[in-house]
>>> print(open('work.txt').read())   # compact mmCIF, C-alpha atoms
# COMPACT_ATOMS: atom_id res chain seq x y z
CA MET A 433 134.91 98.10 81.19
CA ARG A 434 134.26 100.28 84.25
CA GLU A 435 133.00 98.26 87.23
CA ILE A 436 131.00 99.32 90.29
CA LEU A 437 130.48 97.05 93.28
CA SER A 438 126.75 96.62 93.78
CA GLU A 439 123.99 94.33 95.04
CA ASN A 440 123.35 93.32 91.43
CA GLN A 441 125.21 91.82 88.55
CA ALA A 442 124.18 93.82 85.48
CA LEU A 443 125.63 95.61 82.48
CA LEU A 444 123.99 99.02 82.15
CA THR A 445 123.98 100.96 78.89
CA TYR A 446 122.95 104.58 79.44
CA GLU A 447 122.92 108.09 78.04
CA VAL A 448 123.55 111.32 79.91
CA THR A 449 121.15 114.12 78.92
CA GLN A 450 120.35 117.58 80.24
CA ALA A 451 117.47 116.07 82.24
CA GLY A 452 119.69 113.39 83.81
CA VAL A 453 120.65 109.81 83.04
CA CYS A 454 118.46 107.52 80.93
CA ILE A 455 119.21 103.81 81.38
CA LEU A 456 118.71 102.35 77.92
CA ARG A 457 119.49 98.73 78.73
CA CYS A 458 119.83 96.58 81.83
CA GLN A 459 121.52 93.33 80.84
CA THR A 460 121.13 90.92 83.75
CA ALA A 461 120.17 87.45 84.87
CA ASP A 462 119.31 88.44 88.47
CA ALA A 463 115.90 87.77 90.00
CA VAL A 464 115.85 91.09 91.90
CA VAL A 465 117.12 94.15 90.03
CA GLN A 466 118.01 97.23 92.10
CA LEU A 467 118.83 100.03 89.66
CA PRO A 468 121.23 102.77 90.87
CA ASP A 469 120.04 106.24 91.89
CA THR A 470 122.94 108.00 90.14
CA LEU A 471 125.46 107.37 87.38
CA ASP A 472 128.43 109.63 86.65
CA GLY A 473 127.23 111.89 89.45
CA GLN A 474 123.89 112.53 87.71
CA PRO A 475 120.47 111.30 88.88
CA VAL A 476 118.82 108.49 86.93
CA THR A 477 115.64 110.13 85.65
CA ALA A 478 114.41 107.74 82.94
CA LEU A 479 114.29 104.10 81.91
CA GLY A 480 114.28 103.64 78.13
CA ASP A 481 112.16 101.55 75.81
CA TYR A 482 112.71 97.77 76.22
CA VAL A 483 115.12 98.47 79.10
CA CYS A 484 114.67 95.04 80.72
CA ALA A 485 112.77 93.30 77.93
CA ALA A 486 113.81 90.19 76.06
CA ARG A 487 114.24 92.30 72.93
CA THR A 488 117.39 94.44 72.65
CA PRO A 489 116.58 98.14 72.13
CA ASP A 490 118.06 100.18 69.31
CA TRP A 491 120.35 102.98 70.49
CA ALA A 492 121.98 103.73 67.14
CA GLY A 493 123.02 107.35 66.86
CA ARG A 494 122.96 107.92 70.61
CA SER A 495 125.97 108.76 72.72
CA VAL A 496 125.97 105.80 75.08
CA ARG A 497 128.15 104.74 77.97
CA GLN A 498 128.38 101.46 79.82
CA VAL A 499 129.08 100.40 83.38
CA TYR A 500 129.19 96.95 84.89
CA LEU A 501 127.48 96.49 88.25
CA THR A 502 128.97 93.47 89.98
CA THR A 503 128.84 91.83 93.36
CA ARG A 504 132.49 90.82 93.11
CA ALA A 505 135.33 92.14 90.96
CA GLY A 506 136.26 90.00 88.00
CA GLN A 507 132.91 88.29 87.47
CA PRO A 508 131.93 87.71 83.83
CA ILE A 509 129.16 89.83 82.35
CA PRO A 510 125.93 87.81 82.37
CA GLU A 511 123.92 87.06 79.27
CA HIS A 512 120.61 88.87 79.48
CA ASN A 513 117.73 86.71 80.66
CA ALA A 514 114.45 88.61 80.83
CA ARG A 515 112.70 85.50 82.14
CA ALA A 516 114.89 85.48 85.26
CA ILE A 517 113.70 88.90 86.46
CA GLU A 518 111.12 88.73 89.26
CA ARG A 519 111.30 92.19 90.84
CA VAL A 520 112.59 95.58 89.71
CA CYS A 521 113.24 98.45 92.13
CA VAL A 522 113.03 101.75 90.26
CA PRO A 523 115.19 104.64 91.59
CA GLN A 524 113.43 107.45 93.45
CA SER A 525 114.64 110.03 90.89
CA VAL A 526 113.05 108.31 87.86
CA ARG A 527 110.31 110.32 86.14
CA THR A 528 109.51 108.20 83.08
CA ILE A 529 109.56 104.51 82.15
CA GLY A 530 109.68 103.76 78.44
CA ASN A 531 107.49 101.74 76.11
CA TYR A 532 107.67 97.94 76.47
CA ALA A 533 110.13 98.37 79.34
CA PHE A 534 109.46 94.89 80.74
CA TYR A 535 108.07 93.25 77.61
CA ASN A 536 108.08 89.43 77.86
CA CYS A 537 109.49 89.41 81.40
CA ASP A 538 107.03 86.63 82.11
CA LYS A 539 108.38 85.89 85.61
CA LEU A 540 108.19 89.52 86.74
CA LYS A 541 106.07 89.55 89.90
CA SER A 542 106.50 93.06 91.26
CA LEU A 543 107.79 96.60 90.87
CA ALA A 544 108.84 99.14 93.49
CA LEU A 545 108.14 102.76 92.49
CA TYR A 546 108.07 106.26 93.95
CA ASP A 547 105.62 109.08 93.37
CA GLY A 548 108.18 110.79 91.14
CA VAL A 549 107.29 108.47 88.25
CA ARG A 550 104.93 110.45 86.05
CA GLU A 551 104.63 108.24 82.99
CA ILE A 552 104.80 104.54 82.18
CA GLY A 553 105.00 103.86 78.47
CA HIS A 554 102.71 101.80 76.30
CA GLY A 555 103.03 98.03 76.68
CA ALA A 556 105.47 98.30 79.58
CA LEU A 557 103.93 95.22 81.22
CA MET A 558 102.96 93.33 78.07
CA ASN A 559 103.19 89.55 78.58
CA CYS A 560 104.19 89.98 82.23
CA THR A 561 101.81 87.17 83.13
CA ALA A 562 103.15 86.69 86.69
CA PHE A 563 102.80 90.36 87.67
CA ALA A 564 100.95 90.41 91.00
CA TYR A 565 101.82 93.45 93.10
CA VAL A 566 103.47 96.85 93.12
CA ASP A 567 104.99 98.83 96.00
CA VAL A 568 104.36 102.57 95.72
CA TYR A 569 106.19 104.96 98.06
CA ALA A 570 104.27 108.23 98.19
CA PRO A 571 102.56 110.59 100.66
CA GLU A 572 98.81 110.19 101.02
CA GLY A 573 97.05 112.21 98.32
CA ALA A 574 100.14 112.50 96.12
CA ARG A 575 100.05 112.10 92.34
CA THR A 576 101.35 108.72 91.20
CA CYS A 577 101.57 106.57 88.07
CA LEU A 578 98.93 104.14 89.35
CA ALA A 579 96.50 105.00 86.55
CA ASP A 580 99.07 103.93 83.94
CA LEU A 581 99.85 100.72 85.81
CA LEU A 582 96.24 99.77 86.38
CA GLY A 583 95.37 100.59 82.79
CA GLN A 584 97.91 98.02 81.59
CA THR A 585 96.71 95.15 83.79
CA SER A 586 93.38 93.36 83.69
CA THR A 587 94.52 90.56 86.00
CA GLN A 588 94.37 90.76 89.79
CA LEU A 589 96.87 93.27 91.19
CA GLU A 590 97.74 94.18 94.76
CA VAL A 591 98.91 97.77 95.30
CA ARG A 592 100.95 98.31 98.45
CA LEU A 593 101.02 101.97 99.40
CA HIS A 594 103.75 103.18 101.76
CA ALA A 595 103.17 106.69 103.12
CA PRO A 596 104.80 108.58 106.00
CA THR A 597 101.43 108.50 107.80
CA GLY A 598 100.71 104.80 107.36
CA ALA A 599 100.18 102.04 104.82
CA ALA A 600 97.41 100.56 102.69
CA ARG A 601 97.11 97.37 100.70
CA LEU A 602 94.54 97.58 97.94
CA LEU A 603 93.48 94.56 95.94
CA PHE A 604 92.32 95.34 92.40
CA PRO A 605 90.26 92.38 91.16
CA PRO A 606 90.58 91.07 87.60
CA TYR A 607 88.15 91.85 84.81
CA HIS A 608 87.52 90.61 81.30
CA GLU A 609 86.72 92.83 78.33
CA GLU A 610 85.43 91.76 74.94
CA LEU A 611 83.64 93.16 71.88
CA GLN A 612 80.32 91.49 71.17
CA ASP A 613 79.00 91.38 67.58
CA LEU A 614 75.34 92.44 67.70
CA GLY A 615 74.31 91.35 64.21
CA PRO A 616 74.85 91.34 60.44
CA ALA A 617 75.67 95.06 60.47
CA HIS A 618 78.75 94.22 62.54
CA ILE A 619 77.91 96.70 65.25
CA PHE A 620 80.04 95.86 68.26
CA GLN A 621 79.18 96.36 71.88
CA ARG A 622 81.84 96.55 74.53
CA ARG A 623 81.21 94.05 77.30
CA ILE A 624 83.05 94.07 80.61
CA GLU A 625 82.81 91.25 83.15
CA GLY A 626 84.14 91.37 86.68
CA ALA A 627 84.47 94.10 89.28
CA GLY A 628 88.07 94.98 88.44
CA TYR A 629 87.19 97.65 85.90
CA ALA A 630 85.13 99.64 88.41
CA TYR A 631 87.97 99.46 90.93
CA ARG A 632 90.40 100.87 88.37
CA GLN A 633 88.33 104.06 88.11
CA CYS A 634 89.32 105.15 91.63
CA VAL A 635 92.37 107.09 90.37
CA GLN A 636 91.34 110.56 89.20
CA ASN A 637 93.88 113.09 87.90
CA ASP A 638 96.62 110.68 89.00
CA VAL A 639 95.45 110.78 92.64
CA LEU A 640 94.05 107.70 94.33
CA SER A 641 90.67 108.20 96.03
CA PHE A 642 90.22 105.85 98.98
CA GLY A 643 86.55 106.80 99.07
CA GLN A 644 86.01 105.65 95.49
CA TYR A 645 88.01 102.50 96.09
CA ASP A 646 85.93 101.55 99.11
CA GLY A 647 82.77 102.54 97.24
CA ALA A 648 83.49 99.90 94.58
CA PHE A 649 83.04 97.18 97.22
CA GLU A 650 79.29 97.11 96.55
CA ARG A 651 80.01 95.81 93.05
CA LEU A 652 81.86 92.79 94.46
CA LEU A 653 78.97 91.99 96.77
CA ARG A 654 76.42 92.51 94.00
CA ILE A 655 78.06 89.94 91.73
CA GLN A 656 78.49 87.64 94.76
CA ASP A 657 82.28 87.43 94.48
CA TYR A 658 82.58 86.85 98.22
CA GLU A 659 86.03 85.26 98.17
CA THR A 660 87.57 88.35 96.56
CA ALA A 661 85.42 90.62 98.74
CA CYS A 662 86.84 89.02 101.88
CA GLN A 663 90.38 89.39 100.57
CA VAL A 664 89.75 93.09 99.89
CA ALA A 665 88.16 93.56 103.32
CA LEU A 666 90.96 91.85 105.23
CA LEU A 667 93.69 93.85 103.47
CA ARG A 668 91.88 97.17 104.06
CA LEU A 669 91.36 96.40 107.73
CA ARG A 670 94.95 95.29 108.30
CA TRP A 671 96.46 98.33 106.54
CA PRO A 672 93.81 101.03 107.08
CA LEU A 673 95.35 104.17 105.57
CA GLY A 674 92.46 106.42 104.48
CA LEU A 675 89.82 104.08 105.89
CA THR A 676 86.68 105.79 107.23
CA VAL A 677 84.61 104.52 110.15
CA SER A 678 81.70 103.59 107.87
CA ALA A 679 83.95 101.74 105.41
CA ARG A 680 85.57 99.85 108.27
CA GLN A 681 82.17 98.70 109.48
CA MET A 682 81.20 97.64 105.94
CA TYR A 683 84.30 95.43 105.69
CA LEU A 684 83.77 93.97 109.17
CA ASP A 685 80.16 93.09 108.29
CA CYS A 686 81.33 91.24 105.20
CA LEU A 687 83.99 89.29 107.08
CA ARG A 688 81.53 88.42 109.86
CA ILE A 689 79.15 86.81 107.35
CA HIS A 690 81.91 84.87 105.58
CA ALA A 691 84.37 84.43 108.44
CA ARG A 692 84.30 80.63 108.46
CA GLN A 693 85.21 80.30 104.79
CA THR A 694 87.81 83.05 105.06
CA ALA A 695 89.45 81.35 108.04
CA CYS A 696 89.59 78.03 106.19
CA ASP A 697 91.03 79.73 103.10
CA LEU A 698 93.75 81.36 105.22
CA VAL A 699 94.56 78.02 106.82
CA ARG A 700 94.89 76.35 103.42
CA ALA A 701 97.15 79.17 102.20
CA GLY A 702 99.35 78.89 105.28
CA ASP A 703 98.73 82.58 106.01
CA THR A 704 99.02 82.63 109.80
CA ALA A 705 99.50 86.42 109.85
CA GLY A 706 96.19 86.86 108.02
CA LEU A 707 94.51 84.37 110.32
CA THR A 708 95.82 86.22 113.37
CA ALA A 709 94.41 89.46 111.97
CA LEU A 710 91.02 87.86 111.26
CA LEU A 711 90.83 86.58 114.83
CA SER A 712 91.77 90.00 116.20
CA PHE A 713 88.71 91.57 114.53
CA GLY A 714 86.36 89.33 116.52
CA VAL A 715 84.27 88.25 113.53
CA LEU A 716 84.83 84.48 113.75
CA ASP A 717 82.35 82.67 116.01
CA ALA A 718 82.99 79.38 117.82
CA ALA A 719 81.45 77.24 115.07
CA GLY A 720 83.63 78.89 112.45
CA ALA A 721 86.74 78.57 114.58
CA SER A 722 85.96 74.89 115.16
CA ALA A 723 85.55 74.26 111.40
CA ALA A 724 88.81 76.07 110.64
CA CYS A 725 90.54 74.13 113.40
CA ASP A 726 89.40 70.87 111.81
CA CYS A 727 90.82 72.10 108.49
CA ALA A 728 94.14 72.99 110.14
CA ARG A 729 94.35 69.59 111.79
CA GLU A 730 93.67 67.77 108.51
CA LEU A 731 96.38 69.76 106.73
CA GLY A 732 98.88 69.53 109.56
CA ARG A 733 98.94 73.31 110.09
CA THR A 734 99.91 73.18 113.76
CA GLU A 735 100.54 76.92 114.16
CA ALA A 736 97.14 77.78 112.72
CA ALA A 737 95.50 75.10 114.85
CA GLY A 738 97.12 76.58 117.95
CA LEU A 739 95.80 80.06 117.12
CA LEU A 740 92.30 78.73 116.55
CA LEU A 741 92.31 76.62 119.73
CA ALA A 742 93.38 79.64 121.73
CA ALA A 743 90.53 81.63 120.19
CA LEU A 744 88.07 78.84 121.01
CA HIS A 745 89.22 78.69 124.63
CA ARG A 746 88.76 82.45 124.97
CA GLN A 747 85.26 82.23 123.48
CA THR A 748 84.20 79.36 125.72
CA ALA A 749 85.75 80.73 128.91
CA ASN A 750 82.40 82.17 130.03
CA THR A 751 80.24 79.38 128.60
CA PRO A 752 78.39 77.15 131.12
CA PRO A 753 80.30 73.85 131.63
CA ARG A 754 77.64 71.65 130.00
CA MET A 755 77.86 73.70 126.80
CA GLN A 756 81.66 73.60 126.54
CA LYS A 757 83.56 71.32 124.15
CA SER A 758 87.09 70.03 124.16
CA TYR A 759 89.38 69.93 121.15
CA ASP A 760 92.41 67.77 120.40
CA LEU A 761 95.12 68.37 117.83
>>> encode(input="work.txt", output="structure tokens")
Amino acid sequence: MREILSENQALLTYEVTQAGVCILRCQTADAVVQLPDTLDGQPVTALGDYVCAARTPDWAGRSVRQVYLTTRAGQPIPEHNARAIERVCVPQSVRTIGNYAFYNCDKLKSLALYDGVREIGHGALMNCTAFAYVDVYAPEGARTCLADLLGQTSTQLEVRLHAPTGAARLLFPPYHEELQDLGPAHIFQRRIEGAGYAYRQCVQNDVLSFGQYDGAFERLLRIQDYETACQVALLRLRWPLGLTVSARQMYLDCLRIHARQTACDLVRAGDTAGLTALLSFGVLDAAGASAACDCARELGRTEAAGLLLAALHRQTANTPPRMQKSYDL
């Protein structure tokens, strides 16, 4: 068995075609899978059906080769464990990902992709119940496979865009879809609940429209999903690629109204970076900072409490002495 020293321990079964290398099977028990850019001097251009899935794909009749990626020579080949996989980094040269590629990888949390991926097959993320975010490396305005990804997920998904000109983090809320029987004639009406479906319409002709994404914010406010709205707003403001002046003001207005609750939520989550960002936008008043400080003290979040106390001291620096308060950790 040919071995290649790598960051991963995986047995790869692949086929060399005129278009490049197609990895048919990745047999691994690693949590993070970094697939190679080339094999046999050829670029990896495709991932086959069931490539990382619990089910073994059928490659009968195909001219396959195998290579063992290992972190240290002499290690035994691992038994495949789809449930161990938490993140897959897809090579930059890959153009297609096959059907059911990650089927039943129920611990898979994230993928890393490039704009070269043009197609993600049917059911690629079926039963990937932990899937939460995807990193996409692409120039602003480039065609991507986001439409395929979003079309296969109805749960909440965070898309992290990495472009040469900046970055954006876009939260796509969940939605629920069902068919409602309207009567004895068995006429069914499609019913969609949640704002996530509207957000998923912001990719047109494989190009993400920041304007349409930001325009879907009204739907969140209309259904009074303020917790999700504040999450969307904070991510857009922190990573503002493609953010217009008017959209920025819209998100700031939302955070200003719900700043106290947002600050407390960030404290409970232990997200000091998010709390620092919230404070930097100047939307949290003294009463809100005081309430969040109380929450931090109760939970023993000393770093968050320190940030909030510093914000309170700055806010009260110009307050008349009789109106000032003191705070203890």
>>> atom_distance(input="work.txt", atom1="atom CA of Asp703 of chain A", atom2="atom CA of Arg733 of chain A")
10.1 Å
>>> residues_around(input="work.txt", residues="segment 563-579 of chain A", least_positions_apart="6", cutoff="9 Å", atoms="all atoms listed in the file", output="JSON, numbers by chain")
{"A": [518, 524, 538, 539, 540, 541, 542, 543, 544, 545, 546, 547, 548, 549, 550, 551, 552, 557, 585, 587, 588, 589, 590, 591, 592, 593, 594, 595, 596, 597, 598, 603, 632, 633, 634, 635, 636, 637, 638, 639, 640, 641, 673, 674]}
>>> atom_distance(input="work.txt", atom1="atom CA of Tyr532 of chain A", atom2="atom CA of Thr502 of chain A")
25.6 Å
>>> residues_around(input="work.txt", residues="Cys662 of chain A", least_positions_apart="6", cutoff="12 Å", atoms="all atoms listed in the file", output="ChimeraX atom specification")
/A:603,605,649,652-653,656,668-669,682-695,697-698,706,710,715
>>> write_last_selection(input="work.txt", atoms="C-alpha atoms", output="tab-separated table (two decimals), keeping the file's coordinate frame")
chain	number	residue	atom	x	y	z
A	603	LEU	CA	93.48	94.56	95.94
A	605	PRO	CA	90.26	92.38	91.16
A	649	PHE	CA	83.04	97.18	97.22
A	652	LEU	CA	81.86	92.79	94.46
A	653	LEU	CA	78.97	91.99	96.77
A	656	GLN	CA	78.49	87.64	94.76
A	668	ARG	CA	91.88	97.17	104.06
A	669	LEU	CA	91.36	96.40	107.73
A	682	MET	CA	81.20	97.64	105.94
A	683	TYR	CA	84.30	95.43	105.69
A	684	LEU	CA	83.77	93.97	109.17
A	685	ASP	CA	80.16	93.09	108.29
A	686	CYS	CA	81.33	91.24	105.20
A	687	LEU	CA	83.99	89.29	107.08
A	688	ARG	CA	81.53	88.42	109.86
A	689	ILE	CA	79.15	86.81	107.35
A	690	HIS	CA	81.91	84.87	105.58
A	691	ALA	CA	84.37	84.43	108.44
A	692	ARG	CA	84.30	80.63	108.46
A	693	GLN	CA	85.21	80.30	104.79
A	694	THR	CA	87.81	83.05	105.06
A	695	ALA	CA	89.45	81.35	108.04
A	697	ASP	CA	91.03	79.73	103.10
A	698	LEU	CA	93.75	81.36	105.22
A	706	GLY	CA	96.19	86.86	108.02
A	710	LEU	CA	91.02	87.86	111.26
A	715	VAL	CA	84.27	88.25	113.53
>>> atom_distance(input="work.txt", atom1="atom CA of Ser438 of chain A", atom2="atom CA of Tyr500 of chain A")
9.2 Å
>>> closest_residue(input="work.txt", among="A:Arg487, A:Cys454, A:Ala505, A:Asp580", to="Arg527 of chain A", atoms="all atoms listed in the file")
A:Cys454
>>> closest_residue(input="work.txt", among="A:Pro508, A:Asp646, A:Leu602, A:Tyr607", to="Arg680 of chain A", atoms="only C-alpha atoms")
A:Asp646
>>> build_atoms(input="work.txt", residues="segment 453-464 of chain A", atoms="all heavy atoms", output="CSV table (one decimal), in the frame of the given file")
chain,number,residue,atom,x,y,z
A,453,VAL,N,120.2,111.1,83.7
A,453,VAL,CA,120.6,109.8,83.0
A,453,VAL,C,119.4,109.0,82.6
A,453,VAL,O,118.5,108.8,83.4
A,453,VAL,CB,121.5,109.0,84.0
A,453,VAL,CG1,121.9,107.6,83.4
A,453,VAL,CG2,122.8,109.8,84.3
A,454,CYS,N,119.5,108.5,81.4
A,454,CYS,CA,118.5,107.5,80.9
A,454,CYS,C,119.1,106.2,80.8
A,454,CYS,O,120.1,106.0,80.0
A,454,CYS,CB,117.9,108.0,79.6
A,454,CYS,SG,116.7,106.8,78.9
A,455,ILE,N,118.7,105.2,81.5
A,455,ILE,CA,119.2,103.8,81.4
A,455,ILE,C,118.5,103.2,80.2
A,455,ILE,O,117.3,103.0,80.2
A,455,ILE,CB,119.0,103.0,82.7
A,455,ILE,CG1,119.8,103.6,83.8
A,455,ILE,CG2,119.4,101.5,82.4
A,455,ILE,CD1,119.6,102.8,85.1
A,456,LEU,N,119.3,102.9,79.2
A,456,LEU,CA,118.7,102.4,77.9
A,456,LEU,C,118.6,100.8,78.0
A,456,LEU,O,117.7,100.3,77.3
A,456,LEU,CB,119.6,102.8,76.7
A,456,LEU,CG,119.7,104.3,76.5
A,456,LEU,CD1,120.8,104.6,75.5
A,456,LEU,CD2,118.4,104.9,76.1
A,457,ARG,N,119.5,100.2,78.7
A,457,ARG,CA,119.5,98.7,78.7
A,457,ARG,C,120.1,98.2,80.0
A,457,ARG,O,121.1,98.7,80.5
A,457,ARG,CB,120.3,98.2,77.6
A,457,ARG,CG,120.4,96.7,77.5
A,457,ARG,CD,119.0,96.1,77.2
A,457,ARG,NE,118.9,94.7,76.7
A,457,ARG,CZ,117.8,94.0,76.6
A,457,ARG,NH1,116.7,94.5,77.0
A,457,ARG,NH2,117.9,92.8,76.2
A,458,CYS,N,119.3,97.3,80.6
A,458,CYS,CA,119.8,96.6,81.8
A,458,CYS,C,120.0,95.1,81.4
A,458,CYS,O,119.0,94.4,81.3
A,458,CYS,CB,118.8,96.7,83.0
A,458,CYS,SG,119.3,95.8,84.4
A,459,GLN,N,121.2,94.7,81.2
A,459,GLN,CA,121.5,93.3,80.8
A,459,GLN,C,121.9,92.5,82.1
A,459,GLN,O,122.9,92.8,82.7
A,459,GLN,CB,122.7,93.3,79.9
A,459,GLN,CG,123.1,91.9,79.4
A,459,GLN,CD,124.2,92.0,78.4
A,459,GLN,OE1,124.3,92.8,77.5
A,459,GLN,NE2,125.2,91.1,78.5
A,460,THR,N,121.0,91.6,82.5
A,460,THR,CA,121.1,90.9,83.8
A,460,THR,C,120.5,89.6,83.7
A,460,THR,O,119.7,89.3,82.8
A,460,THR,CB,120.5,91.7,84.9
A,460,THR,OG1,120.8,91.1,86.1
A,460,THR,CG2,119.0,91.9,84.7
A,461,ALA,N,120.8,88.7,84.7
A,461,ALA,CA,120.2,87.4,84.9
A,461,ALA,C,119.7,87.3,86.3
A,461,ALA,O,119.4,86.2,86.8
A,461,ALA,CB,121.1,86.3,84.5
A,462,ASP,N,119.7,88.4,87.1
A,462,ASP,CA,119.3,88.4,88.5
A,462,ASP,C,117.8,88.4,88.6
A,462,ASP,O,117.1,88.9,87.8
A,462,ASP,CB,119.8,89.7,89.2
A,462,ASP,CG,121.3,89.6,89.4
A,462,ASP,OD1,121.9,88.6,89.1
A,462,ASP,OD2,121.9,90.6,90.0
A,463,ALA,N,117.3,87.8,89.7
A,463,ALA,CA,115.9,87.8,90.0
A,463,ALA,C,115.4,89.1,90.5
A,463,ALA,O,114.3,89.6,90.1
A,463,ALA,CB,115.6,86.7,91.0
A,464,VAL,N,116.2,89.8,91.4
A,464,VAL,CA,115.8,91.1,91.9
A,464,VAL,C,116.8,92.1,91.3
A,464,VAL,O,118.0,92.0,91.5
A,464,VAL,CB,115.9,91.1,93.4
A,464,VAL,CG1,115.6,92.5,94.0
A,464,VAL,CG2,115.0,90.1,94.0
